[in-house]
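Q: Quick one: this structure, given as structure tokens, is what I'll be asking you about.
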Number of protein chains: 2
Amino acid sequence: MTAILAHDHDFVGEVSQDGADRNGEAAMVSVVAVARRAGVSPATVSRVLGGRVPVTAETRVRVLDAIEELGYRPNEVARTLRAGRGRSLALVIADIQQGINAVLAKNMQRMLELQGLDLLLFDLDHRQDRLRDILERAPSLGLRGLLLSSPHIMDMTPLLPALRTSVERGIEVFSVSQDLSALGITSVVHDDAGGARIAVAHLLARQSAPIAFVGRVSTSAIGRARFDGYRHALREHGQPVDPSLVWDISEGFRADAGYRATSEALDRGLRFRSVLAASDELALGCMAAAADRGLSIPADIAFIGFGGLGLGGFVRPPITAVFLDVDAQTRTVCSLLGAGRSSAGSTQCHLIPTQFVRRQSA
Amino acid sequence: MTAILAHDHDFVGEVSQDGADRNGEAAMVSVVAVARRAGVSPATVSRVLGGRVPVTAETRVRVLDAIEELGYRPNEVARTLRAGRGRSLALVIADIQQGINAVLAKNMQRMLELQGLDLLLFDLDHRQDRLRDILERAPSLGLRGLLLSSPHIMDMTPLLPALRTSVERGIEVFSVSQDLSALGITSVVHDDAGGARIAVAHLLARQSAPIAFVGRVSTSAIGRARFDGYRHALREHGQPVDPSLVWDISEGFRADAGYRATSEALDRGLRFRSVLAASDELALGCMAAAADRGLSIPADIAFIGFGGLGLGGFVRPPITAVFLDVDAQTRTVCSLLGAGRSSAGSTQCHLIPTQFVRRQSA
């Protein structure tokens, strides 16, 4: 009980400051008001705010509702409001197990450290419902910035209030897996479409048409951009886009999805001479499916991946790929971070060039 | 200077409240008192508390001493001191680009989130000098725990004061890549030696001796433990340990190191029928070197990896491996976290069993 009371004083203290700043009155009011509104004791409010001692879900919701209604802002929030700048950056990432995302996390942490900032990691595990929770918590995390690395195409409308609140509290928000500049979010993305066009041109020049495409087309902005590049390149060269050769997977860009899509296509007797895969992992799975049917790579079917993972060079044959320049992407984000928020209307989408690296799979 | 002053006000504000709580006086007192006691300016006190602008070690100690003597408690530090518990856990990891480490980060973050805790990521990039810096910063980060995932064998003596300080401030410290229980650090490690013994027994039963071993033996506790299992298993079966077949690499467990070691061994005409690699990535590199010389896997040379990455199942032939149970490891750490610190002397090393998964490479 003593510990909880100590917390109470802590929160009360800071709130009263906040109150004093705004209306010149000494406080103790707000936390008591929250408790009264929620029908709980001030100690319970502390417990909810501290997040360490368990309270029932129902109580938690009541207290959080009361906090919202009354506009109560405890400690970290108060600090963020006053100072405008936190000491860490939240990296909200779709799936850190995908090799390219681990590179992003590693680079980001190293560069932030040089700026004296820490990295908070949130792995969405492709569950988009969690994104809203994290955005809503953002202002209480003492963040300087939030880096969203989720390609999931979704209705952003429900997220906008939380995003706006973050920005108002001085948190710089960036998107690195899809262009959200139209929503006022500075975006730093790879030139996925450009990379795909060069890959398709390479395959066409080597007589590897028909070309299949595998990726998450309808639900991933990255998959969509790479597909757009594929489609445009085919049209530029007067080639048709055959819908049966566009394999729109529903899961993450992992090897098993590539294996399954290629196996199904081969089982159905579809005719294709090459596959452009939206990730190196997908390409690896596609190649395994072809190898398991005794097909020769690239003679029978050629494969191109996306990413440029070190592992791709040690698979046999090594995977030809559109390399992403995560170093350049990280540097760009870090140079923008703290450079001051640009005025409304000038929010940009920065495009990071990719590089086509030919190995032996295509 | 303005920024520092702004921060100053920030801290002053909170301190004054704290002062008011305890003795009913309006404040500005404490931070000034701290500065006076330490013989520095209030701005310097802010700098020490903020931790962003460098101050000399001597000044830092003076300020911290004064803070302690006067019982001054600014924001996060105050909370940590009073509650003894922060709201985040620092994952200090040797190299998140190694697949198994990304899995650890992902699992850890998910399980922490269920406990209402956040994950701060620090990637050492194999630079051990950074470990000390991070440990020294730990008490100011508002941590609940610190999870050290670095297998680097090093003299821990210089780290002990910082570790002790962390523990005194209520930060629970765990080691997951090496057994540091002798230093009072609860350790949760895989049964690497046991896994290696089963792998060697498998290779011997399939007439795949002589067996080579590749890994970081002299500088990595993980490499060392796996090598120990290899050595013991050979001895158990009455087989010699041929030093020319122990490839002690100096870099991380990446594919290129495996490729190089195997290529050199083949160039030197060394005779071996199988390779036990200390990671799946290493095994992949080893297999590529053999394939590039037209050798057949596993007929000419068999290969076994460590880890159990998803990718290993899509390489051709798929990689036989000692699977690590990162889920069980994460669950164990999370169950210990917050279970209360055990009394001195009962610090344990928890051993997580591995699983031998036979695919086609051995």
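Just so we're on the same page: first chain in the structure tokens is A, next is B, and so on; residues restart at 1 for each chain, and ligands are numbered from 1 in the order they show up.
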Write out as an MDAnalysis selection string each polymer residue whose atoms come within 12 Å of Arg144 (chain A), counting only C-alpha atoms; drop sequence neighbours fewer than 2 positions from it.
A: chainID A and resid 79:81 83:91 112 115:120 138:142 146:147 166:174 334 337:338 340:341
Q: Can you give me the C-alpha RMSD, to one decimal in Å, for chain B fitted onto chain A with all Cα atoms paired in order?
A: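 After superposition, the RMSD is 3.0 Å.
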Q: Which is closer to Asn101 (chain A) than all the others in A:Val357, A:Val176, A:Val40, A:Val63, using only C-alpha atoms?
A: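 When distances to Asn101 (chain A) are compared using only C-alpha atoms, the smallest one comes from A:Val176.
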Q: Hey, what's within 9 Å of Gly194 (chain B) if we count only C-alpha atoms and toss same-chain stuff fewer than 2 positions away? As number ranges by chain, please?
A: B: 190-192, 196-199, 225-226, 229-230, 353-354
Q: Please save C-alpha atoms of the selected residues as a compact mmCIF listing (two decimals), in the first residue's frame.
A:
```txt
# COMPACT_ATOMS: atom_id res chain seq x y z
CA HIS B 190 20.06 -23.61 -24.71
CA ASP B 191 21.56 -27.02 -24.11
CA ASP B 192 24.10 -26.40 -26.85
CA ALA B 196 25.89 -31.07 -30.54
CA ARG B 197 26.31 -34.53 -28.97
CA ILE B 198 23.14 -35.81 -30.57
CA ALA B 199 24.20 -34.37 -33.94
CA ALA B 225 29.52 -25.02 -25.83
CA ARG B 226 28.67 -26.56 -29.19
CA GLY B 229 29.46 -31.22 -27.15
CA TYR B 230 31.17 -32.21 -30.42
CA PRO B 353 16.47 -28.49 -24.39
CA THR B 354 17.17 -28.52 -28.12
```
Q: Please identify all residues of chain A having at least one atom at most 6 Å from any atom of chain B, considering only C-alpha atoms, and return them as a VMD selection string.
A: chain A and resid 13 97 102 116 119 to 121 285 288 314
Q: Could you write out the selected residues, including C-alpha atoms, as an mmCIF file, in the first residue's frame?
A:
```cif
data_model
loop_
_atom_site.group_PDB
_atom_site.id
_atom_site.type_symbol
_atom_site.label_atom_id
_atom_site.label_comp_id
_atom_site.auth_asym_id
_atom_site.auth_seq_id
_atom_site.Cartn_x
_atom_site.Cartn_y
_atom_site.Cartn_z
ATOM 1 C CA GLY A 13 2.522 16.119 -8.138
ATOM 2 C CA GLN A 97 11.876 -12.036 -38.842
ATOM 3 C CA ALA A 102 16.170 -6.984 -39.118
ATOM 4 C CA GLY A 116 21.753 9.810 -28.170
ATOM 5 C CA LEU A 119 14.997 2.457 -29.994
ATOM 6 C CA LEU A 120 11.744 0.961 -28.733
ATOM 7 C CA LEU A 121 10.776 -2.058 -30.786
ATOM 8 C CA GLY A 285 10.661 -20.892 -51.734
ATOM 9 C CA ALA A 288 12.785 -24.955 -54.030
ATOM 10 C CA PHE A 314 24.888 -18.631 -50.746
#
```
